[in-house]
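Enquirer: Okay, so here is target-v9.pdb, and as you'll see once you scroll down, it has PDB, C-alpha atoms.
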```pdb
ATOM      1  CA  MET A 453     146.565 110.953  96.895
ATOM      2  CA  ASP A 454     148.938 112.093  94.152
ATOM      3  CA  GLU A 455     151.975 114.367  94.130
ATOM      4  CA  ILE A 456     149.849 117.507  93.860
ATOM      5  CA  ASP A 457     147.761 116.494  96.879
ATOM      6  CA  LYS A 458     150.989 115.929  98.831
ATOM      7  CA  LYS A 459     152.231 119.381  97.899
ATOM      8  CA  ILE A 460     148.932 120.865  99.057
ATOM      9  CA  ILE A 461     148.999 119.048 102.407
ATOM     10  CA  ASN A 462     152.583 120.086 103.072
ATOM     11  CA  SER A 463     151.828 123.685 102.221
ATOM     12  CA  LEU A 464     148.664 123.894 104.352
ATOM     13  CA  GLN A 465     150.526 122.561 107.384
ATOM     14  CA  ASP A 466     152.729 125.641 107.200
ATOM     15  CA  GLY A 467     149.738 127.941 107.491
ATOM     16  CA  PHE A 468     147.075 129.639 105.424
ATOM     17  CA  PRO A 469     146.815 133.327 104.501
ATOM     18  CA  VAL A 470     144.264 135.732 105.929
ATOM     19  CA  CYS A 471     143.405 137.889 102.883
ATOM     20  CA  GLU A 472     140.543 138.352 100.422
ATOM     21  CA  SER A 473     141.341 135.440  98.115
ATOM     22  CA  PRO A 474     143.521 133.088 100.148
ATOM     23  CA  TYR A 475     142.970 130.017  97.936
ATOM     24  CA  LYS A 476     143.996 131.996  94.888
ATOM     25  CA  ARG A 477     147.212 133.055  96.606
ATOM     26  CA  VAL A 478     148.093 129.519  97.719
ATOM     27  CA  ALA A 479     147.143 128.108  94.311
ATOM     28  CA  LYS A 480     149.526 130.514  92.636
ATOM     29  CA  GLN A 481     152.377 129.474  94.920
ATOM     30  CA  LEU A 482     151.711 125.831  94.068
ATOM     31  CA  GLY A 483     151.259 126.403  90.347
ATOM     32  CA  LEU A 484     147.562 125.403  90.399
ATOM     33  CA  THR A 485     144.341 127.173  89.564
ATOM     34  CA  GLU A 486     142.137 128.338  92.409
ATOM     35  CA  THR A 487     139.318 125.994  91.274
ATOM     36  CA  ASP A 488     141.647 123.011  91.228
ATOM     37  CA  LEU A 489     142.985 123.789  94.725
ATOM     38  CA  ILE A 490     139.490 124.231  96.177
ATOM     39  CA  GLY A 491     138.309 120.973  94.592
ATOM     40  CA  ARG A 492     141.285 119.048  95.915
ATOM     41  CA  ILE A 493     141.006 120.410  99.471
ATOM     42  CA  LYS A 494     137.311 119.472  99.507
ATOM     43  CA  ALA A 495     138.146 115.960  98.344
ATOM     44  CA  LEU A 496     140.896 115.558 100.991
ATOM     45  CA  LEU A 497     138.461 116.653 103.700
ATOM     46  CA  GLU A 498     135.778 114.272 102.419
ATOM     47  CA  LYS A 499     138.214 111.351 102.342
ATOM     48  CA  GLY A 500     139.214 112.160 105.904
ATOM     49  CA  ILE A 501     142.898 112.628 105.049
ATOM     50  CA  LEU A 502     142.546 116.132 106.435
ATOM     51  CA  SER A 503     140.596 115.968 109.673
ATOM     52  CA  ARG A 504     140.286 119.694 110.159
ATOM     53  CA  PHE A 505     140.987 122.866 108.250
ATOM     54  CA  GLY A 506     140.744 126.252 109.902
ATOM     55  CA  PRO A 507     142.024 128.179 112.907
ATOM     56  CA  MET A 508     143.625 126.258 115.788
ATOM     57  CA  TYR A 509     142.886 127.879 119.104
ATOM     58  CA  HIS A 510     145.143 128.258 122.113
ATOM     59  CA  ALA A 511     143.144 126.522 124.861
ATOM     60  CA  GLU A 512     144.592 128.348 127.857
ATOM     61  CA  LYS A 513     144.501 131.785 126.245
ATOM     62  CA  MET A 514     140.861 131.159 125.393
ATOM     63  CA  GLY A 515     140.215 130.700 129.094
ATOM     64  CA  GLY A 516     140.027 126.931 128.810
ATOM     65  CA  ALA A 517     142.179 124.090 130.021
ATOM     66  CA  LEU A 518     143.784 121.022 128.535
ATOM     67  CA  THR A 519     145.400 117.951 129.988
ATOM     68  CA  LEU A 520     146.797 114.562 129.057
ATOM     69  CA  ALA A 521     145.430 111.732 131.167
ATOM     70  CA  ALA A 522     145.933 107.987 131.384
ATOM     71  CA  VAL A 523     144.324 104.970 133.042
ATOM     72  CA  LYS A 524     145.298 101.347 133.620
ATOM     73  CA  VAL A 525     142.494  99.285 132.104
ATOM     74  CA  PRO A 526     142.111  95.525 132.642
ATOM     75  CA  ASP A 527     142.003  93.804 129.208
ATOM     76  CA  GLU A 528     138.488  92.450 129.597
ATOM     77  CA  ARG A 529     137.083  95.924 130.327
ATOM     78  CA  PHE A 530     138.848  97.713 127.518
ATOM     79  CA  GLU A 531     135.966  98.366 125.129
ATOM     80  CA  ASN A 532     133.612  99.224 127.949
ATOM     81  CA  ILE A 533     136.016 101.765 129.484
ATOM     82  CA  ALA A 534     136.804 103.267 126.068
ATOM     83  CA  GLY A 535     133.063 103.761 125.583
ATOM     84  CA  ILE A 536     132.670 105.538 128.922
ATOM     85  CA  ILE A 537     135.663 107.836 128.395
ATOM     86  CA  ASN A 538     134.783 108.692 124.787
ATOM     87  CA  SER A 539     131.234 109.569 125.794
ATOM     88  CA  PHE A 540     132.578 112.774 127.382
ATOM     89  CA  PRO A 541     132.471 115.506 124.742
ATOM     90  CA  GLU A 542     135.515 117.061 126.445
ATOM     91  CA  VAL A 543     137.654 114.047 125.489
ATOM     92  CA  ALA A 544     139.395 115.077 122.284
ATOM     93  CA  HIS A 545     141.635 112.101 121.523
ATOM     94  CA  ASN A 546     141.908 108.650 122.971
ATOM     95  CA  TYR A 547     144.626 106.128 122.170
ATOM     96  CA  ALA A 548     145.362 102.612 123.312
ATOM     97  CA  ARG A 549     149.072 102.263 124.065
ATOM     98  CA  ASN A 550     151.276  99.270 124.808
ATOM     99  CA  HIS A 551     152.003  99.806 128.491
ATOM    100  CA  GLU A 552     150.409  99.043 131.846
ATOM    101  CA  LEU A 553     148.986 102.577 131.555
ATOM    102  CA  ASN A 554     147.234 101.499 128.390
ATOM    103  CA  MET A 555     144.657 104.181 127.622
ATOM    104  CA  TRP A 556     145.763 107.768 126.996
ATOM    105  CA  PHE A 557     143.436 110.634 126.277
ATOM    106  CA  VAL A 558     143.347 114.398 126.016
ATOM    107  CA  ILE A 559     140.691 116.373 127.893
ATOM    108  CA  ALA A 560     139.906 119.912 126.721
ATOM    109  CA  THR A 561     137.415 122.059 128.607
ATOM    110  CA  ASP A 562     136.230 125.614 128.207
ATOM    111  CA  GLN A 563     136.676 126.333 131.901
ATOM    112  CA  PRO A 564     139.538 125.143 134.121
ATOM    113  CA  GLU A 565     137.255 123.880 136.921
ATOM    114  CA  ARG A 566     135.433 121.668 134.454
ATOM    115  CA  LEU A 567     138.647 119.691 133.894
ATOM    116  CA  PHE A 568     138.596 118.379 137.460
ATOM    117  CA  GLU A 569     134.897 117.582 137.215
ATOM    118  CA  VAL A 570     135.505 115.492 134.096
ATOM    119  CA  ILE A 571     138.423 113.635 135.707
ATOM    120  CA  HIS A 572     136.354 113.004 138.810
ATOM    121  CA  SER A 573     133.378 111.726 136.790
ATOM    122  CA  ILE A 574     135.614 109.402 134.775
ATOM    123  CA  GLU A 575     137.045 107.989 138.003
ATOM    124  CA  GLU A 576     133.572 107.507 139.419
ATOM    125  CA  GLN A 577     132.130 105.877 136.320
ATOM    126  CA  THR A 578     135.101 103.580 135.634
ATOM    127  CA  GLY A 579     136.376 102.891 139.154
ATOM    128  CA  LEU A 580     139.905 103.538 137.840
ATOM    129  CA  SER A 581     142.339 106.199 138.987
ATOM    130  CA  VAL A 582     143.100 108.797 136.360
ATOM    131  CA  TYR A 583     146.719 109.942 136.047
ATOM    132  CA  ASP A 584     146.486 113.642 135.299
ATOM    133  CA  MET A 585     149.503 114.938 133.389
ATOM    134  CA  PRO A 586     149.000 118.569 132.401
ATOM    135  CA  LYS A 587     151.851 120.232 130.575
ATOM    136  CA  ILE A 588     154.358 122.146 132.671
ATOM    137  CA  ASN A 589     156.382 123.325 129.685
ATOM    138  CA  GLU A 590     156.031 123.027 125.963
ATOM    139  CA  TYR A 591     159.100 122.881 123.754
ATOM    140  CA  PHE A 592     158.063 124.171 120.384
ATOM    141  CA  VAL A 593     158.385 122.029 117.359
ATOM    142  CA  ARG A 594     157.161 122.460 113.849
ATOM    143  CA  LEU A 595     154.201 120.107 113.707
ATOM    144  CA  LYS A 596     154.381 118.778 110.221
ATOM    145  CA  LEU A 597     154.066 115.368 108.667
ATOM    146  CA  GLU A 598     155.561 115.144 105.204
ATOM    147  CA  ALA A 599     152.931 113.758 102.832
TER     148      ALA A 599
ATOM    149  CA  MET B 945     140.729 141.337 125.251
ATOM    150  CA  ILE B 946     138.157 139.857 122.971
ATOM    151  CA  ASP B 947     134.636 141.160 122.561
ATOM    152  CA  ASP B 948     131.347 139.468 121.751
ATOM    153  CA  ILE B 949     131.921 139.661 118.008
ATOM    154  CA  ASP B 950     135.281 137.921 118.394
ATOM    155  CA  SER B 951     133.545 135.222 120.416
ATOM    156  CA  GLN B 952     130.996 134.692 117.676
ATOM    157  CA  LEU B 953     133.766 134.520 115.076
ATOM    158  CA  ILE B 954     135.671 131.970 117.132
ATOM    159  CA  GLU B 955     132.587 129.858 117.477
ATOM    160  CA  ILE B 956     131.678 129.962 113.814
ATOM    161  CA  PHE B 957     135.265 129.095 112.820
ATOM    162  CA  GLN B 958     135.056 125.897 114.910
ATOM    163  CA  GLN B 959     133.250 124.339 111.963
ATOM    164  CA  GLY B 960     136.297 125.024 109.857
ATOM    165  CA  LEU B 961     137.182 127.521 107.181
ATOM    166  CA  PRO B 962     134.733 127.456 104.230
ATOM    167  CA  VAL B 963     136.365 126.013 101.139
ATOM    168  CA  VAL B 964     135.153 128.709  98.740
ATOM    169  CA  SER B 965     136.911 131.500  96.886
ATOM    170  CA  ARG B 966     136.132 134.236  99.459
ATOM    171  CA  PRO B 967     135.907 132.330 102.758
ATOM    172  CA  TYR B 968     136.182 135.391 105.010
ATOM    173  CA  ALA B 969     133.359 137.143 103.144
ATOM    174  CA  LEU B 970     131.148 134.086 103.627
ATOM    175  CA  ILE B 971     131.879 133.975 107.364
ATOM    176  CA  GLY B 972     131.166 137.711 107.504
ATOM    177  CA  GLN B 973     127.761 137.258 105.869
ATOM    178  CA  GLN B 974     126.703 134.917 108.660
ATOM    179  CA  LEU B 975     127.592 137.522 111.282
ATOM    180  CA  ASN B 976     126.657 140.657 109.370
ATOM    181  CA  LEU B 977     130.270 141.751 109.124
ATOM    182  CA  SER B 978     132.218 142.927 106.127
ATOM    183  CA  GLU B 979     134.985 140.768 104.702
ATOM    184  CA  ASP B 980     137.543 143.387 105.794
ATOM    185  CA  GLU B 981     136.275 143.297 109.348
ATOM    186  CA  VAL B 982     136.602 139.494 109.510
ATOM    187  CA  ILE B 983     140.140 139.666 108.115
ATOM    188  CA  LEU B 984     141.063 142.393 110.592
ATOM    189  CA  ARG B 985     139.660 140.536 113.575
ATOM    190  CA  LEU B 986     141.187 137.212 112.605
ATOM    191  CA  THR B 987     144.573 138.863 112.109
ATOM    192  CA  ARG B 988     144.267 140.377 115.572
ATOM    193  CA  LEU B 989     143.310 137.043 117.152
ATOM    194  CA  LYS B 990     146.437 135.575 115.582
ATOM    195  CA  GLN B 991     148.602 138.403 116.895
ATOM    196  CA  GLN B 992     147.142 137.954 120.375
ATOM    197  CA  GLY B 993     147.937 134.264 120.176
ATOM    198  CA  LEU B 994     144.354 133.103 120.711
ATOM    199  CA  VAL B 995     144.558 131.582 117.269
ATOM    200  CA  LYS B 996     147.791 129.606 117.281
ATOM    201  CA  ARG B 997     147.772 129.044 113.565
ATOM    202  CA  LEU B 998     145.535 128.689 110.582
ATOM    203  CA  GLY B 999     145.949 125.477 108.696
ATOM    204  CA  VAL B1000     145.179 121.792 108.647
ATOM    205  CA  VAL B1001     145.174 118.867 110.988
ATOM    206  CA  VAL B1002     146.081 115.760 109.050
ATOM    207  CA  ASN B1003     144.804 112.349 109.933
ATOM    208  CA  HIS B1004     148.215 110.783 110.402
ATOM    209  CA  ARG B1005     146.976 107.216 110.044
ATOM    210  CA  ARG B1006     145.307 107.981 106.733
ATOM    211  CA  MET B1007     148.570 109.535 105.576
ATOM    212  CA  GLY B1008     150.396 106.300 106.278
ATOM    213  CA  TYR B1009     151.923 107.358 109.615
ATOM    214  CA  LYS B1010     150.963 104.154 111.365
ATOM    215  CA  ALA B1011     153.706 104.044 114.013
ATOM    216  CA  ASN B1012     153.063 106.640 116.650
ATOM    217  CA  ALA B1013     155.423 106.531 119.611
ATOM    218  CA  MET B1014     155.150 108.479 122.816
ATOM    219  CA  VAL B1015     158.595 108.378 124.379
ATOM    220  CA  VAL B1016     158.915 109.353 128.024
ATOM    221  CA  PHE B1017     162.119 110.097 129.938
ATOM    222  CA  ASP B1018     162.934 110.596 133.589
ATOM    223  CA  VAL B1019     165.345 113.546 133.530
ATOM    224  CA  PRO B1020     166.382 115.801 136.430
ATOM    225  CA  ASN B1021     163.865 118.670 136.619
ATOM    226  CA  HIS B1022     166.563 121.310 136.353
ATOM    227  CA  LEU B1023     167.707 119.847 133.040
ATOM    228  CA  ALA B1024     164.232 119.469 131.520
ATOM    229  CA  ASP B1025     164.240 122.813 129.682
ATOM    230  CA  GLN B1026     167.674 122.298 128.224
ATOM    231  CA  ILE B1027     166.977 118.741 127.096
ATOM    232  CA  GLY B1028     163.449 119.575 125.892
ATOM    233  CA  GLY B1029     164.805 122.467 123.865
ATOM    234  CA  HIS B1030     167.374 120.185 122.304
ATOM    235  CA  ILE B1031     164.909 117.367 121.506
ATOM    236  CA  SER B1032     162.462 119.760 119.843
ATOM    237  CA  GLN B1033     165.082 120.712 117.246
ATOM    238  CA  PHE B1034     164.854 117.322 115.562
ATOM    239  CA  GLY B1035     162.510 117.411 112.574
ATOM    240  CA  PHE B1036     161.003 113.988 113.278
ATOM    241  CA  VAL B1037     159.872 114.973 116.797
ATOM    242  CA  ASN B1038     156.244 116.107 116.569
ATOM    243  CA  LEU B1039     155.602 117.290 120.118
ATOM    244  CA  CYS B1040     157.703 117.762 123.240
ATOM    245  CA  TYR B1041     156.447 118.567 126.750
ATOM    246  CA  GLN B1042     157.483 118.554 130.378
ATOM    247  CA  ARG B1043     154.732 117.006 132.535
ATOM    248  CA  PRO B1044     154.449 116.097 136.229
ATOM    249  CA  ARG B1045     155.698 112.743 137.536
ATOM    250  CA  HIS B1046     153.400 110.493 139.513
ATOM    251  CA  GLY B1047     155.773 109.106 142.136
ATOM    252  CA  GLU B1048     157.450 105.752 141.635
ATOM    253  CA  LYS B1049     154.528 104.453 139.613
ATOM    254  CA  TRP B1050     155.239 106.913 136.834
ATOM    255  CA  PRO B1051     158.562 108.717 137.288
ATOM    256  CA  TYR B1052     158.689 110.267 133.811
ATOM    257  CA  ASN B1053     158.648 114.009 133.280
ATOM    258  CA  LEU B1054     159.717 114.620 129.667
ATOM    259  CA  TYR B1055     157.519 113.490 126.777
ATOM    260  CA  CYS B1056     158.065 113.499 123.056
ATOM    261  CA  MET B1057     156.052 112.130 120.158
ATOM    262  CA  ILE B1058     157.528 110.600 117.049
ATOM    263  CA  HIS B1059     155.183 109.719 114.186
ATOM    264  CA  GLY B1060     156.590 107.452 111.511
ATOM    265  CA  LYS B1061     155.493 105.148 108.732
ATOM    266  CA  ASN B1062     156.766 102.055 110.577
ATOM    267  CA  ARG B1063     158.211 101.050 113.956
ATOM    268  CA  GLU B1064     161.707 100.255 112.699
ATOM    269  CA  LYS B1065     162.093 103.739 111.316
ATOM    270  CA  VAL B1066     160.746 105.333 114.517
ATOM    271  CA  LEU B1067     163.113 103.257 116.658
ATOM    272  CA  GLN B1068     166.059 104.270 114.448
ATOM    273  CA  GLN B1069     165.126 107.913 114.842
ATOM    274  CA  LEU B1070     164.803 107.443 118.591
ATOM    275  CA  ASP B1071     168.284 105.858 118.780
ATOM    276  CA  TYR B1072     169.663 108.815 116.901
ATOM    277  CA  LEU B1073     167.879 111.227 119.252
ATOM    278  CA  ILE B1074     169.162 109.412 122.362
ATOM    279  CA  GLU B1075     172.704 109.461 121.086
ATOM    280  CA  SER B1076     172.638 113.081 119.873
ATOM    281  CA  CYS B1077     171.091 114.451 123.085
ATOM    282  CA  GLY B1078     173.004 112.215 125.492
ATOM    283  CA  LEU B1079     169.834 110.618 126.848
ATOM    284  CA  ALA B1080     171.115 107.067 127.309
ATOM    285  CA  GLN B1081     171.744 107.665 131.028
ATOM    286  CA  PHE B1082     168.070 108.428 131.746
ATOM    287  CA  SER B1083     165.408 105.786 132.140
ATOM    288  CA  ARG B1084     162.747 105.825 129.477
ATOM    289  CA  GLU B1085     159.809 103.984 128.037
ATOM    290  CA  ILE B1086     158.377 103.830 124.531
ATOM    291  CA  LEU B1087     154.604 103.640 124.244
ATOM    292  CA  PHE B1088     153.425 102.837 120.744
ATOM    293  CA  SER B1089     149.780 103.480 120.036
ATOM    294  CA  ARG B1090     147.754 100.378 119.241
ATOM    295  CA  LYS B1091     144.436 101.884 118.355
ATOM    296  CA  CYS B1092     142.914 105.305 117.998
ATOM    297  CA  PHE B1093     139.462 105.455 119.553
ATOM    298  CA  LYS B1094     138.759 109.072 118.972
ATOM    299  CA  GLN B1095     140.427 111.937 117.170
ATOM    300  CA  ARG B1096     139.012 115.372 116.747
ATOM    301  CA  GLY B1097     140.147 118.901 117.281
ATOM    302  CA  ALA B1098     139.316 120.420 120.621
ATOM    303  CA  PHE B1099     136.142 122.464 120.553
ATOM    304  CA  TYR B1100     135.695 125.489 122.693
ATOM    305  CA  GLN B1101     132.526 127.174 123.644
ATOM    306  CA  VAL B1102     133.315 130.786 124.125
ATOM    307  CA  CYS B1103     131.341 132.382 126.859
ATOM    308  CA  THR B1104     130.735 136.077 126.358
ATOM    309  CA  LYS B1105     130.885 138.357 129.362
ATOM    310  CA  GLN B1106     127.122 138.741 129.455
ATOM    311  CA  GLU B1107     126.541 135.003 129.390
ATOM    312  CA  LYS B1108     129.013 134.592 132.231
ATOM    313  CA  VAL B1109     127.165 137.118 134.327
ATOM    314  CA  LEU B1110     123.892 135.358 133.597
ATOM    315  CA  SER B1111     125.215 131.912 134.399
ATOM    316  CA  ASP B1112     126.929 133.121 137.578
ATOM    317  CA  GLY B1113     123.710 134.750 138.685
TER     318      GLY B1113
END
```
Would you write out, as structure tokens, the structure that this file holds?

Expert:
Amino acid sequence: MDEIDKKIINSLQDGFPVCESPYKRVAKQLGLTETDLIGRIKALLEKGILSRFGPMYHAEKMGGALTLAAVKVPDERFENIAGIINSFPEVAHNYARNHELNMWFVIATDQPERLFEVIHSIEEQTGLSVYDMPKINEYFVRLKLEA
Amino acid sequence: MIDDIDSQLIEIFQQGLPVVSRPYALIGQQLNLSEDEVILRLTRLKQQGLVKRLGVVVNHRRMGYKANAMVVFDVPNHLADQIGGHISQFGFVNLCYQRPRHGEKWPYNLYCMIHGKNREKVLQQLDYLIESCGLAQFSREILFSRKCFKQRGAFYQVCTKQEKVLSDG
């Protein structure tokens, strides 16, 4: 990743235009050619530095639901429980964290009722209680990591 | 409201935006829509807020952001909005939410995420945040992530009205 890649990543985190030739427009702003920009974005996606490029949907407005959940997993069952939880396609992220509540994951479903079904199934299959922590309020921040 | 064509667009966009010179024309070809129509519909979905933004999700670990702290505070409910609003102004805070407590076992109701290149830096930023927002009086915990098991964007299957009727029947 060189300085130009960093500039590209920072710019794309601010948004992307909806117009006929969006890459051309962004390339111009960054002082690149359209071909160069397209090639570099492809490479960043292939290397996995960018994990997704496109529209980000608003789960609730789409009629879906989203929650943050956590479980307390005994050390010796960690890999096994991670396997069970990650096997649900509705589980979007899963992180181990240094706390008694040591596994934290996001569940996203296309229908609100499905959220409770997933939580219930995880409890049944793991024998652990799931702490359900849906957002009550979101305080808006500019989600951007400087490259 | 969105119609069936919007639903198809939303679904096709789940795979990401094509990285070609005329991406909206290419998407249109798959749905038998003109480029203009795709641009118009996408613009409308943005205005309606169904599309929050168009852009990238970066893999923060691959970018060198290896220290990822979830910091939770137990603040009085009536102060949550004020404090949350204040916390979210700091550039190094990546997300900030109010969430329900779970009794004495988990009394925290205000969450914020700080991603940094190393723990020392994140802890320095947290100290600064605590001091600037007057948070020292509230109990808190810092949960650093140890391992990421899974990371992907959320995928949504959009059910059209007709499909809903069929599946309900």

Enquirer: Point out the residue among B:Ser965, B:Pro1044, B:Leu1067, B:Ala1080 with the least atom-to-atom distance to Asp584 of chain A, counting all atoms listed in the file.

Expert: B:Pro1044

Enquirer: Given the file shown, enumerate the residues that the PyMOL selection byres ((chain B and resi 1033) around 12) captures and present them as number ranges by chain.

Expert: A: 591-595; B: 1026-1032, 1034-1040, 1056, 1073, 1076-1077

Enquirer: Can you turn the ChimeraX specification (/A :<6) & /B into a concrete residue list for this file, as an MDAnalysis selection string?

Expert: chainID B and resid 960:961 966 994:1003 1006 1028:1029 1032 1038 1040:1044 1087:1096 1098 1100

Enquirer: I want to know what sits within 10 Å of Phe540 of chain A, based on only C-alpha atoms, with residues of the same chain fewer than 6 positions away left out; could you give that as a PyMOL selection string?

Expert: chain A and resi 559+570+573-574

Enquirer: Would you please work out which residue, of A:Glu455, A:Ile460, A:Asp488, A:Glu575, is nearest to Ala522 of chain A when using only C-alpha atoms?

Expert: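 Closest candidate: A:Glu575.
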